[in-house]
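Chemist: One file is attached below, entry_22.cif, containing mmCIF, C-alpha atoms.
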```
data_upload
#
loop_
_atom_site.label_atom_id
_atom_site.label_comp_id
_atom_site.auth_asym_id
_atom_site.auth_seq_id
_atom_site.Cartn_x
_atom_site.Cartn_y
_atom_site.Cartn_z
CA MET G 1 85.73 100.21 85.37
CA THR G 2 88.75 98.62 83.79
CA ASN G 3 88.57 95.04 82.58
CA LEU G 4 91.79 93.45 83.80
CA LYS G 5 93.23 91.62 80.82
CA ASN G 6 96.27 89.36 80.78
CA LYS G 7 98.35 91.46 83.15
CA LEU G 8 101.55 89.60 83.96
CA VAL G 9 102.68 89.86 87.55
CA PRO G 10 105.53 88.19 89.48
CA CYS G 11 105.84 84.39 89.37
CA GLY G 12 103.89 84.13 86.13
CA ILE G 13 100.52 85.03 87.61
CA VAL G 14 97.99 86.08 84.97
CA ILE G 15 94.99 88.00 86.28
CA LEU G 16 91.77 87.55 84.30
CA GLY G 17 88.98 89.49 86.00
CA ALA G 18 88.73 88.07 89.49
CA LEU G 19 90.52 84.82 88.52
CA ALA G 20 94.26 84.40 88.96
CA LEU G 21 96.00 81.50 87.21
CA SER G 22 99.44 80.50 88.42
CA ALA G 23 102.25 79.30 86.21
CA CYS G 24 104.60 78.69 89.15
CA ASN G 25 106.28 75.29 89.04
CA THR G 26 106.44 73.17 92.19
CA THR G 27 108.68 70.14 92.69
CA ASN G 28 106.21 67.73 91.07
CA ASP G 29 103.74 69.66 88.93
CA VAL G 30 102.12 72.94 87.98
CA THR G 31 99.58 74.08 90.58
CA GLU G 32 96.74 76.56 90.42
CA LYS G 33 96.58 79.04 93.25
CA ARG G 34 95.70 82.67 93.81
CA ALA G 35 98.49 85.20 93.92
CA THR G 36 99.37 86.89 97.22
CA VAL G 37 97.95 90.35 96.54
CA PRO G 38 97.67 93.48 98.71
CA ALA G 39 94.05 92.67 99.62
CA ASP G 40 95.28 89.44 101.26
CA LYS G 41 97.22 91.46 103.84
CA PHE G 42 95.26 94.73 104.03
CA ASP G 43 91.53 95.35 104.33
CA LEU G 44 90.69 96.87 100.95
CA SER G 45 86.96 96.14 101.15
CA LYS G 46 86.18 99.88 100.98
CA TRP G 47 88.78 100.95 98.42
CA LYS G 48 89.23 101.16 94.66
CA ILE G 49 92.56 102.16 93.10
CA THR G 50 93.75 104.33 90.24
CA ILE G 51 96.80 102.97 88.39
CA PRO G 52 98.82 105.02 85.83
CA THR G 53 98.06 102.64 82.94
CA ASP G 54 95.56 102.15 80.13
CA ILE G 55 95.43 98.36 79.87
CA ASN G 56 92.21 98.22 77.85
CA ASN G 57 93.28 101.02 75.46
CA ASP G 58 90.21 103.17 76.02
CA GLY G 59 92.28 106.34 76.39
CA LYS G 60 91.48 106.62 80.09
CA VAL G 61 93.53 105.94 83.20
CA ASP G 62 92.69 102.58 84.74
CA GLU G 63 90.50 102.32 87.83
CA ILE G 64 90.31 98.97 89.58
CA SER G 65 86.97 98.49 91.35
CA VAL G 66 86.44 97.37 94.95
CA LYS G 67 85.50 93.91 93.68
CA GLU G 68 88.47 93.64 91.31
CA ILE G 69 91.07 94.88 93.79
CA GLN G 70 90.44 91.88 96.05
CA SER G 71 92.44 89.73 93.59
CA TYR G 72 94.56 92.41 91.92
CA GLN G 73 98.15 93.49 91.87
CA HIS G 74 100.39 95.23 89.33
CA SER G 75 103.99 94.09 89.19
CA ASP G 76 105.29 97.66 88.75
CA TYR G 77 102.81 99.95 90.47
CA PHE G 78 100.86 98.10 93.20
CA PHE G 79 102.07 94.96 94.92
CA LEU G 80 103.26 93.33 98.14
CA ASP G 81 106.99 93.35 98.84
CA ASP G 82 108.87 90.37 100.27
CA GLU G 83 107.86 91.38 103.80
CA GLY G 84 104.16 91.60 102.98
CA ASN G 85 104.00 95.42 102.87
CA MET G 86 101.87 97.29 100.33
CA VAL G 87 103.90 99.16 97.70
CA PHE G 88 102.65 102.02 95.52
CA ALA G 89 104.93 103.23 92.71
CA VAL G 90 104.30 105.78 89.96
CA PRO G 91 106.47 107.36 87.23
CA ASN G 92 106.48 111.09 86.57
CA LYS G 93 105.06 110.55 83.08
CA ALA G 94 102.15 108.16 82.52
CA PHE G 95 98.38 108.12 82.15
CA THR G 96 96.61 110.50 84.53
CA THR G 97 93.10 111.25 85.69
CA PRO G 98 91.11 113.92 83.76
CA ASN G 99 92.19 117.53 84.37
CA SER G 100 95.36 116.44 86.17
CA SER G 101 98.99 116.35 85.08
CA ASN G 102 100.07 114.38 88.16
CA THR G 103 100.30 110.62 88.02
CA ARG G 104 99.10 108.38 90.82
CA SER G 105 98.97 104.87 92.19
CA GLU G 106 96.40 105.70 94.84
CA LEU G 107 93.49 104.20 96.73
CA HIS G 108 90.11 105.96 96.76
CA GLN G 109 87.70 105.20 99.61
CA LEU G 110 84.18 104.01 98.72
CA LEU G 111 81.85 103.45 101.68
CA GLY G 112 78.72 102.33 99.81
CA LYS G 113 77.56 99.27 97.93
CA GLU G 114 79.21 97.93 94.78
CA GLY G 115 77.88 99.65 91.68
CA VAL G 116 76.87 102.91 93.37
CA ALA G 117 78.34 106.03 91.74
CA ALA G 118 81.56 107.17 93.41
CA TYR G 119 80.18 110.61 94.21
CA ASP G 120 76.84 109.40 95.53
CA TYR G 121 76.34 110.57 99.11
CA SER G 122 76.00 106.94 100.25
CA ASN G 123 79.61 106.29 99.16
CA ASN G 124 81.10 109.14 101.17
CA PHE G 125 81.20 110.88 104.54
CA ALA G 126 79.89 114.27 105.59
CA LEU G 127 80.63 116.86 108.23
CA LYS G 128 78.08 117.09 111.03
CA ALA G 129 77.15 120.59 109.84
CA HIS G 130 75.91 119.22 106.48
CA THR G 131 72.14 119.56 106.10
CA LYS G 132 71.70 116.05 104.66
CA THR G 133 73.81 113.85 106.92
CA ASP G 134 71.20 111.08 106.84
CA GLU G 135 71.98 110.50 103.14
CA PHE G 136 75.68 109.80 103.74
CA ALA G 137 77.41 106.55 104.68
CA GLN G 138 78.67 108.18 107.88
CA VAL G 139 79.51 111.45 109.58
CA GLY G 140 83.27 111.95 109.73
CA GLY G 141 85.80 109.15 109.55
CA ASN G 142 89.18 107.89 110.68
CA LEU G 143 92.25 106.96 108.63
CA GLN G 144 95.47 105.55 110.12
CA ALA G 145 98.65 104.66 108.25
CA THR G 146 102.28 103.76 108.83
CA LEU G 147 104.57 104.08 105.85
CA LYS G 148 108.00 104.71 104.40
CA VAL G 149 108.67 106.87 101.37
CA ASN G 150 111.23 104.92 99.36
CA HIS G 151 111.83 107.38 96.53
CA VAL G 152 110.80 110.76 95.15
CA ALA G 153 111.54 112.21 91.73
CA LYS G 154 115.03 113.61 91.29
CA ARG G 155 114.92 115.88 88.23
CA ALA G 156 112.88 119.04 87.62
CA LYS G 157 113.34 121.93 85.20
CA TYR G 158 111.85 124.27 87.81
CA PRO G 159 113.18 122.93 91.13
CA GLU G 160 112.08 126.08 92.96
CA LYS G 161 108.40 125.26 92.46
CA PRO G 162 107.06 123.83 95.74
CA PRO G 163 105.62 120.51 94.47
CA ALA G 164 108.91 119.41 92.85
CA PHE G 165 110.48 116.28 94.40
CA SER G 166 107.37 115.50 96.47
CA VAL G 167 104.65 112.87 96.82
CA VAL G 168 101.27 112.98 98.58
CA VAL G 169 100.71 109.91 100.78
CA GLY G 170 97.25 110.64 102.20
CA GLN G 171 94.29 112.90 101.45
CA ILE G 172 90.78 113.98 102.24
CA HIS G 173 89.13 114.92 98.96
CA ALA G 174 85.84 116.71 98.44
CA GLY G 175 83.57 115.61 95.60
CA LYS G 176 83.30 117.42 92.28
CA SER G 177 79.71 118.07 91.22
CA LYS G 178 78.38 120.42 88.54
CA ALA G 179 74.92 120.17 90.08
CA LEU G 180 76.22 121.24 93.47
CA VAL G 181 78.23 124.09 91.93
CA ALA G 182 75.07 125.26 90.17
CA GLU G 183 73.32 125.67 93.52
CA GLY G 184 75.65 128.60 94.12
CA GLU G 185 76.54 127.91 97.75
CA GLY G 186 80.26 127.53 96.99
CA TYR G 187 80.47 123.73 97.11
CA GLY G 188 81.15 120.98 94.59
CA TRP G 189 84.52 122.22 93.35
CA GLY G 190 86.36 119.02 94.26
CA ASN G 191 89.00 120.66 96.41
CA GLU G 192 91.20 119.04 99.06
CA PRO G 193 90.95 119.96 102.75
CA LEU G 194 93.94 117.69 103.40
CA LYS G 195 97.02 116.55 101.49
CA ILE G 196 99.87 114.91 103.44
CA TYR G 197 103.21 115.46 101.70
CA TYR G 198 106.72 114.10 101.80
CA LYS G 199 109.37 116.13 99.96
CA LYS G 200 113.12 115.62 99.65
CA LEU G 201 115.43 117.68 97.47
CA PRO G 202 118.15 115.89 95.45
CA GLY G 203 121.38 115.66 97.42
CA ASN G 204 119.71 116.15 100.80
CA GLU G 205 119.91 113.38 103.36
CA TYR G 206 116.54 114.21 104.92
CA GLY G 207 113.18 115.26 103.58
CA SER G 208 110.24 117.11 105.11
CA VAL G 209 106.71 116.07 106.03
CA PHE G 210 103.96 118.67 105.91
CA TRP G 211 100.24 118.90 105.23
CA ASN G 212 98.27 121.32 103.11
CA TYR G 213 94.75 122.70 103.40
CA GLU G 214 93.25 124.03 100.17
CA ARG G 215 90.87 126.98 100.42
CA ASN G 216 87.46 125.83 99.25
CA LEU G 217 87.03 128.17 96.31
CA GLU G 218 86.30 127.86 92.60
CA LYS G 219 89.19 126.82 90.35
CA GLU G 220 89.49 130.23 88.67
CA ASN G 221 89.70 132.11 91.96
CA PRO G 222 93.33 133.27 92.49
CA ASN G 223 92.84 132.84 96.24
CA ARG G 224 92.25 129.09 95.85
CA GLN G 225 95.65 128.27 97.30
CA ASP G 226 97.16 125.66 99.58
CA ILE G 227 97.94 126.68 103.16
CA SER G 228 100.87 124.55 104.33
CA TYR G 229 101.76 123.36 107.85
CA VAL G 230 105.13 121.81 108.71
CA VAL G 231 105.18 118.53 110.64
CA TRP G 232 108.90 117.68 110.49
CA GLY G 233 111.60 119.51 108.54
CA LYS G 234 111.17 122.66 106.48
CA PRO G 235 108.27 124.42 104.71
CA TRP G 236 107.42 123.18 101.23
CA THR G 237 108.84 126.40 99.72
CA SER G 238 112.23 125.90 101.40
CA GLY G 239 115.36 124.76 99.61
CA VAL G 240 117.25 124.21 102.85
CA GLU G 241 118.39 120.81 104.11
CA PRO G 242 116.11 119.97 107.08
CA GLY G 243 118.73 117.83 108.80
CA GLU G 244 117.71 115.44 111.56
CA GLN G 245 114.55 117.46 112.16
CA GLY G 246 113.32 115.90 108.92
CA ILE G 247 112.58 112.35 107.79
CA ALA G 248 114.92 110.25 105.66
CA LEU G 249 113.88 108.04 102.79
CA ASN G 250 112.89 104.58 104.06
CA GLU G 251 112.30 105.97 107.56
CA ALA G 252 108.91 105.02 108.99
CA PHE G 253 106.36 107.54 110.16
CA SER G 254 102.65 107.35 110.93
CA TYR G 255 99.64 109.57 110.55
CA GLU G 256 96.11 109.48 111.91
CA VAL G 257 93.35 111.58 110.37
CA ASN G 258 90.28 111.74 112.59
CA VAL G 259 87.35 113.81 111.33
CA TYR G 260 85.02 114.01 114.31
CA GLU G 261 81.81 115.99 113.80
CA ASN G 262 83.21 119.09 112.03
CA THR G 263 86.83 119.03 113.17
CA MET G 264 89.82 117.31 111.60
CA TYR G 265 92.31 116.06 114.19
CA LEU G 266 95.76 115.13 112.84
CA THR G 267 98.38 113.12 114.69
CA PHE G 268 101.81 112.44 113.19
CA SER G 269 104.39 110.21 114.89
CA ASN G 270 107.98 109.17 114.24
CA GLU G 271 110.38 107.24 116.48
CA ARG G 272 113.07 109.94 116.41
CA ASN G 273 110.97 113.09 116.24
CA GLY G 274 108.02 112.12 118.41
CA LYS G 275 104.38 113.20 117.95
CA VAL G 276 102.94 116.33 116.40
CA ASN G 277 99.24 117.24 116.62
CA PHE G 278 97.01 119.64 114.71
CA LYS G 279 93.31 120.37 114.56
CA ILE G 280 91.17 122.47 112.23
CA ASN G 281 87.43 122.95 111.97
CA LEU G 282 86.43 122.13 108.38
CA ALA G 283 83.06 123.87 108.70
CA ASP G 284 84.35 127.44 109.13
CA ASN G 285 87.22 129.63 107.94
CA LEU G 286 89.51 129.43 110.96
CA ASP G 287 92.93 128.08 110.05
CA ALA G 288 94.85 125.45 112.05
CA ASN G 289 96.33 128.22 114.20
CA GLY G 290 92.89 129.50 115.17
CA ASN G 291 93.10 132.62 112.99
CA VAL G 292 90.31 133.78 110.65
CA ASP G 293 91.19 133.31 106.99
CA LYS G 294 89.10 135.99 105.28
CA LEU G 295 89.95 134.57 101.86
CA ASP G 296 88.51 131.10 102.53
CA HIS G 297 84.87 130.01 102.24
CA PRO G 298 83.22 131.20 105.49
CA HIS G 299 81.70 127.74 105.98
CA GLY G 300 84.72 125.77 104.82
CA TYR G 301 83.72 122.40 103.38
CA THR G 302 80.33 122.13 105.14
CA GLY G 303 78.28 121.41 102.01
CA ASP G 304 80.64 118.92 100.36
CA LEU G 305 80.92 115.14 100.34
CA HIS G 306 84.29 113.70 101.43
CA PHE G 307 86.43 110.60 101.03
CA PHE G 308 89.91 109.45 102.03
CA LYS G 309 92.74 108.65 99.61
CA ALA G 310 96.06 106.92 100.33
CA GLY G 311 99.05 105.75 98.31
CA ALA G 312 101.48 107.58 96.02
CA TYR G 313 100.14 110.72 94.32
CA ASN G 314 103.23 112.01 92.51
CA GLN G 315 103.50 115.81 92.64
CA CYS G 316 106.39 116.07 90.16
CA SER G 317 104.36 117.01 87.07
CA THR G 318 106.06 116.75 83.67
CA LYS G 319 103.95 119.65 82.37
CA ASP G 320 105.81 122.83 81.40
CA ALA G 321 103.47 125.71 82.16
CA PRO G 322 103.12 128.78 84.38
CA GLY G 323 101.88 128.30 87.93
CA ILE G 324 103.39 126.61 90.95
CA TRP G 325 102.09 123.12 90.16
CA TYR G 326 104.08 122.54 86.97
CA ALA G 327 107.72 121.77 87.82
CA ASN G 328 108.36 120.14 84.40
CA CYS G 329 109.90 117.04 85.92
CA ALA G 330 111.78 114.59 83.70
CA GLY G 331 110.13 111.46 82.35
CA SER G 332 110.07 109.33 79.20
CA GLY G 333 106.87 107.36 79.76
CA ASP G 334 108.78 104.07 79.79
CA TRP G 335 108.76 102.59 83.30
CA ALA G 336 112.12 100.79 83.11
CA THR G 337 113.85 103.91 81.78
CA ASP G 338 112.21 106.26 84.26
CA LYS G 339 112.92 104.01 87.22
CA ALA G 340 116.59 103.77 86.22
CA ASN G 341 116.78 107.57 85.94
CA GLY G 342 115.03 108.21 89.25
CA ASP G 343 112.01 109.84 87.60
CA TYR G 344 109.37 108.27 89.86
CA ALA G 345 107.92 108.10 93.36
CA GLN G 346 107.45 105.03 95.56
CA VAL G 347 105.79 104.58 98.95
CA THR G 348 105.48 101.45 101.10
CA PHE G 349 102.66 101.10 103.65
CA THR G 350 103.07 98.72 106.58
CA ARG G 351 99.67 99.66 108.01
CA LEU G 352 96.48 101.14 106.59
CA VAL G 353 93.22 101.16 108.57
CA THR G 354 90.06 103.17 108.12
CA GLY G 355 86.78 103.33 109.99
CA LEU G 356 84.38 105.52 111.94
CA ALA G 357 85.39 108.77 113.60
CA LYS G 358 86.69 108.50 117.16
CA ILE G 359 85.79 110.77 120.06
CA PRO G 360 88.94 112.87 120.59
CA LYS G 361 90.87 112.39 123.81
CA LYS G 362 90.88 115.43 126.09
#
```
Rewrite the structure from the file as C-alpha cells, please.

Modeler:
Amino acid sequence: MTNLKNKLVPCGIVILGALALSACNTTNDVTEKRATVPADKFDLSKWKITIPTDINNDGKVDEISVKEIQSYQHSDYFFLDDEGNMVFAVPNKAFTTPNSSNTRSELHQLLGKEGVAAYDYSNNFALKAHTKTDEFAQVGGNLQATLKVNHVAKRAKYPEKPPAFSVVVGQIHAGKSKALVAEGEGYGWGNEPLKIYYKKLPGNEYGSVFWNYERNLEKENPNRQDISYVVWGKPWTSGVEPGEQGIALNEAFSYEVNVYENTMYLTFSNERNGKVNFKINLADNLDANGNVDKLDHPHGYTGDLHFFKAGAYNQCSTKDAPGIWYANCAGSGDWATDKANGDYAQVTFTRLVTGLAKIPKK
C-alpha cells in the first residue's frame, strides 16, 4: 500500500501516514487538529481507494488502505466540498491500474480484516449458489448511493465509440484469479456483472444513465461484451440528445444495488423521472429481460468472488487503438491544464451506504 508522504491538501494540512498536521492560523496561535476528511462524514471502514497518482514514485498507481483512508484526502481527486459531500475527480490521462487505460478515483470494498489480501474470500461476498459460501465474508450485499455527476470529459478523437464522454459511478466487480481460471470452470476472469454509467455528449443539455452487464467470459473471447440497459435517456451507442428524459449535470439521482441470494435487484430514482427497477439472476444466463443469452456463461458469476466499487471511474480513455473502449480522449497529464480544458470527470456523492443484502419487497 502507498505510504502517504507530504501530500498538501487545503488549509495547509500535511498528511503523514495517519497523522495530519495543521498549519491553519487562528486568531491567537497555530493549532494542531485533524483535517475534515471524507471518512469523517461517510463510513469508509470497509473501503480502500485508488487514486490516479504515484506519490511514492514506485511506478504504480496509488492505493490508500482502509486504515489510511480514515485520515486521508487529496486536494484534487478525493475530498469533501464546502457542504460536506464526498467528491471524486479524475483526469483523462494519469496513472492507472495494471491492464487498464482508464483512470479512476474509486473506492473498493473490503469486508475482511486489515492486512488480508484483497481477493481473499473473507474480504468479499459470494452468490448463494457458490459452493464455498462459508469462506466468504457474506452472501450477497447492498449498496446505496445518492450522487451528482458534475463533469464528464468533453473531447474525444473517436466520439462515436460508446464509452466516450462517460463515467462509471458504481460497480460490482468479480475477482481476478489465475488459480481459479486454471480450474477450468470459467471463473476468475475479473469481469463486471454491473457498471452504472452516466454519459453526456458535448453540447447536450442532458445526459443518460444506464447500466451494463458484462458476459462472464475469458478476455480473448469476442463474445465477452457488455449488455447495456437504459435507465434514463438514450442507449450508450446513441448520439441523440436525450432531452428531459435524461439527467443533467449536477442533477441528483440515486441507486440501490441489492444482491440477495443469487439475484441482483437494481433501483434507480430521480425527482423528475421517478423510479426504475431491474432484476437479473447472476447465477445463470438469463438476461435482465428474462431471455436466455446463449453466449454468456450458463452459470453466470456463480463461482466468482464479488465486491462493490463506487466513485469516478473515467471511461474516456486516452489510448488510440482499435476496439470500442479506446476513444482517444484528450489529456496532457497535468491536472490544472486538463481541468481547464474539460478533460476530466467529477462526481459528488451525498450518500454512500453499504451492508448486508435485504430481503426484496414483494

Chemist: Please indicate the distance in Å from atom CA of G:Val90 to atom CA of G:Asp334, rounded to one decimal place.

Modeler: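 Calculated distance between atom CA of G:Val90 and atom CA of G:Asp334 is 11.2 Å.
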
Chemist: List the residues selected by the PyMOL selection byres ((chain G and resi 237) around 9) in the file shown, writing them as a short mmCIF file (atom, residue, chain, number, x, y, z; two decimals) with C-alpha atoms, in the frame of the given file.

Modeler:
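What follows is the written file expr-v2.cif:
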```
data_model
loop_
_atom_site.label_atom_id
_atom_site.label_comp_id
_atom_site.auth_asym_id
_atom_site.auth_seq_id
_atom_site.Cartn_x
_atom_site.Cartn_y
_atom_site.Cartn_z
CA GLU G 160 112.08 126.08 92.96
CA LYS G 161 108.40 125.26 92.46
CA PRO G 162 107.06 123.83 95.74
CA PRO G 163 105.62 120.51 94.47
CA LYS G 234 111.17 122.66 106.48
CA PRO G 235 108.27 124.42 104.71
CA TRP G 236 107.42 123.18 101.23
CA SER G 238 112.23 125.90 101.40
CA GLY G 239 115.36 124.76 99.61
#
```

Chemist: Pick out the closest residue to G:Gln346 from this set: G:His151, G:Lys46, G:Lys128, G:His299. Count only C-alpha atoms.

Modeler: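 So, comparing all the options, the nearest one is G:His151.
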
Chemist: Name the residues that the PyMOL selection byres ((chain G and resi 136) around 12) pulls out of this structure, and write them as a PyMOL selection string.

Modeler: chain G and resi 110-112+119-128+130-135+137-141+304-307

Chemist: Once the PyMOL selection byres ((chain G and resi 39) around 9) has been applied to the shown file, what residues remain in the selection, as a compact mmCIF listing (two decimals) with C-alpha atoms, keeping the file's coordinate frame?

Modeler:
```
# COMPACT_ATOMS: atom_id res chain seq x y z
CA THR G 36 99.37 86.89 97.22
CA VAL G 37 97.95 90.35 96.54
CA PRO G 38 97.67 93.48 98.71
CA ASP G 40 95.28 89.44 101.26
CA LYS G 41 97.22 91.46 103.84
CA PHE G 42 95.26 94.73 104.03
CA ASP G 43 91.53 95.35 104.33
CA LEU G 44 90.69 96.87 100.95
CA SER G 45 86.96 96.14 101.15
CA ILE G 69 91.07 94.88 93.79
CA GLN G 70 90.44 91.88 96.05
CA SER G 71 92.44 89.73 93.59
CA TYR G 72 94.56 92.41 91.92
CA GLN G 73 98.15 93.49 91.87
```

Chemist: Go through G:Leu107, G:Leu295, G:Ala330, G:Ile196 and flag the residue nearest G:Ser254, using all atoms listed in the file for the distances.

Modeler: G:Ile196

Chemist: Which distance in Å separates atom CA of G:Ser100 and atom CA of G:Leu201, to one decimal?

Modeler: 23.1 Å

Chemist: Using only C-alpha atoms, which of G:Ala153, G:His173, G:Tyr187, G:Leu143 sits nearest G:Lys358?

Modeler: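 Closest to G:Lys358, using only C-alpha atoms: G:Leu143.
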
Chemist: With a distance cut-off of 6 Å and only C-alpha atoms, select the neighbouring residues of stretch 282-288 of chain G, excluding the residue or stretch itself and same-chain residues fewer than 6 positions from it, and output the selection as an mmCIF file with C-alpha atoms, keeping the file's coordinate frame.

Modeler:
```cif
data_model
loop_
_atom_site.group_PDB
_atom_site.id
_atom_site.type_symbol
_atom_site.label_atom_id
_atom_site.label_comp_id
_atom_site.auth_asym_id
_atom_site.auth_seq_id
_atom_site.Cartn_x
_atom_site.Cartn_y
_atom_site.Cartn_z
ATOM 1 C CA ASN G 262 83.210 119.090 112.030
ATOM 2 C CA THR G 263 86.830 119.030 113.170
ATOM 3 C CA ASP G 296 88.510 131.100 102.530
ATOM 4 C CA PRO G 298 83.220 131.200 105.490
ATOM 5 C CA HIS G 299 81.700 127.740 105.980
ATOM 6 C CA GLY G 300 84.720 125.770 104.820
ATOM 7 C CA TYR G 301 83.720 122.400 103.380
ATOM 8 C CA THR G 302 80.330 122.130 105.140
#
```

Chemist: Residues within 12 Å of G:Gly207, please, as a PDB file with C-alpha atoms, in the coordinates of the input. Count all atoms listed in the file; anything in the same chain fewer than 6 positions from it doesn't count.

Modeler:
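Result written to around.pdb:
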```pdb
ATOM      1  CA  LYS G 148     108.000 104.710 104.400  1.00  0.00           C
ATOM      2  CA  VAL G 149     108.670 106.870 101.370  1.00  0.00           C
ATOM      3  CA  ASN G 150     111.230 104.920  99.360  1.00  0.00           C
ATOM      4  CA  HIS G 151     111.830 107.380  96.530  1.00  0.00           C
ATOM      5  CA  VAL G 152     110.800 110.760  95.150  1.00  0.00           C
ATOM      6  CA  PHE G 165     110.480 116.280  94.400  1.00  0.00           C
ATOM      7  CA  SER G 166     107.370 115.500  96.470  1.00  0.00           C
ATOM      8  CA  VAL G 167     104.650 112.870  96.820  1.00  0.00           C
ATOM      9  CA  TYR G 197     103.210 115.460 101.700  1.00  0.00           C
ATOM     10  CA  TYR G 198     106.720 114.100 101.800  1.00  0.00           C
ATOM     11  CA  LYS G 199     109.370 116.130  99.960  1.00  0.00           C
ATOM     12  CA  LYS G 200     113.120 115.620  99.650  1.00  0.00           C
ATOM     13  CA  LEU G 201     115.430 117.680  97.470  1.00  0.00           C
ATOM     14  CA  VAL G 230     105.130 121.810 108.710  1.00  0.00           C
ATOM     15  CA  VAL G 231     105.180 118.530 110.640  1.00  0.00           C
ATOM     16  CA  TRP G 232     108.900 117.680 110.490  1.00  0.00           C
ATOM     17  CA  GLY G 233     111.600 119.510 108.540  1.00  0.00           C
ATOM     18  CA  LYS G 234     111.170 122.660 106.480  1.00  0.00           C
ATOM     19  CA  PRO G 235     108.270 124.420 104.710  1.00  0.00           C
ATOM     20  CA  TRP G 236     107.420 123.180 101.230  1.00  0.00           C
ATOM     21  CA  SER G 238     112.230 125.900 101.400  1.00  0.00           C
ATOM     22  CA  GLY G 239     115.360 124.760  99.610  1.00  0.00           C
ATOM     23  CA  VAL G 240     117.250 124.210 102.850  1.00  0.00           C
ATOM     24  CA  GLU G 241     118.390 120.810 104.110  1.00  0.00           C
ATOM     25  CA  PRO G 242     116.110 119.970 107.080  1.00  0.00           C
ATOM     26  CA  GLY G 243     118.730 117.830 108.800  1.00  0.00           C
ATOM     27  CA  GLU G 244     117.710 115.440 111.560  1.00  0.00           C
ATOM     28  CA  GLN G 245     114.550 117.460 112.160  1.00  0.00           C
ATOM     29  CA  GLY G 246     113.320 115.900 108.920  1.00  0.00           C
ATOM     30  CA  ILE G 247     112.580 112.350 107.790  1.00  0.00           C
ATOM     31  CA  ALA G 248     114.920 110.250 105.660  1.00  0.00           C
ATOM     32  CA  LEU G 249     113.880 108.040 102.790  1.00  0.00           C
ATOM     33  CA  ASN G 250     112.890 104.580 104.060  1.00  0.00           C
ATOM     34  CA  GLU G 251     112.300 105.970 107.560  1.00  0.00           C
TER      35      GLU G 251
END
```

Chemist: Find the distance between atom CA of G:Lys195 and atom CA of G:Glu106 and write it in Å to one decimal.

Modeler: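 Result for atom CA of G:Lys195 versus atom CA of G:Glu106: 12.7 Å, one decimal.
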
Chemist: Taking (99.7, 111.9, 97.2) in the coordinates of the supplied file, I want to know which residues reach to within 6 Å of it, counting all atoms listed in the file; could you give the answer as a PyMOL selection string?

Modeler: chain G and resi 167-170+312-314

Chemist: Return as lines of an AutoDock Vina configuration file the centre and edge lengths, in Å with one decimal, of the box along x, y and z that encloses every atom of stretch 336-352 of chain G in the file, padded by 8 Å per side.

Modeler:
```
center_x = 106.6
center_y = 104.3
center_z = 94.9
size_x = 36.3
size_y = 27.1
size_z = 42.2
```

Chemist: Excluding same-chain residues fewer than 2 positions from G:Thr348, what lies within 6 Å of it counting all atoms listed in the file, as a CSV table (one decimal) with C-alpha atoms, in the frame of the given file?

Modeler:
```
chain,number,residue,atom,x,y,z
G,86,MET,CA,101.9,97.3,100.3
G,87,VAL,CA,103.9,99.2,97.7
G,147,LEU,CA,104.6,104.1,105.8
G,148,LYS,CA,108.0,104.7,104.4
```

Chemist: Nearest residue to G:Gly323 out of G:Thr50, G:Ser177, G:Asn56, G:Gln225, using all atoms listed in the file?

Modeler: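 Of all the options, G:Gln225 lies closest to G:Gly323.
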
Chemist: Can you tell me which residues surround G:Ser317 at a distance of at most 9 Å, considering all atoms listed in the file, apart from same-chain residues fewer than 5 positions away, and format the answer as JSON, numbers by chain?

Modeler: {"G": [92, 93, 101, 102, 103, 156, 163, 164, 325, 326, 327, 328, 329, 330]}

Chemist: For each of G:Leu217, G:Ile359, G:Ile49, G:Val292, take the minimum atom-to-atom distance to G:Tyr260, counting only C-alpha atoms, then give the residue where this is smallest.

Modeler: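 Closest residue, counting only C-alpha atoms: G:Ile359.
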
Chemist: Between G:Gly188, G:Gly303, G:Gly333, G:Pro159, which residue has the minimum interatomic distance to G:Phe95, considering only C-alpha atoms?

Modeler: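 Comparing G:Gly188, G:Gly303, G:Gly333, G:Pro159 against G:Phe95, the winner is G:Gly333.
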
Chemist: Please provide the set of residues having any atom within 12 Å of G:Ser332, restricted to all atoms listed in the file, with same-chain residues fewer than 2 positions apart removed, written as an MDAnalysis selection string.

Modeler: chainID G and resid 91:94 318 329:330 334:344
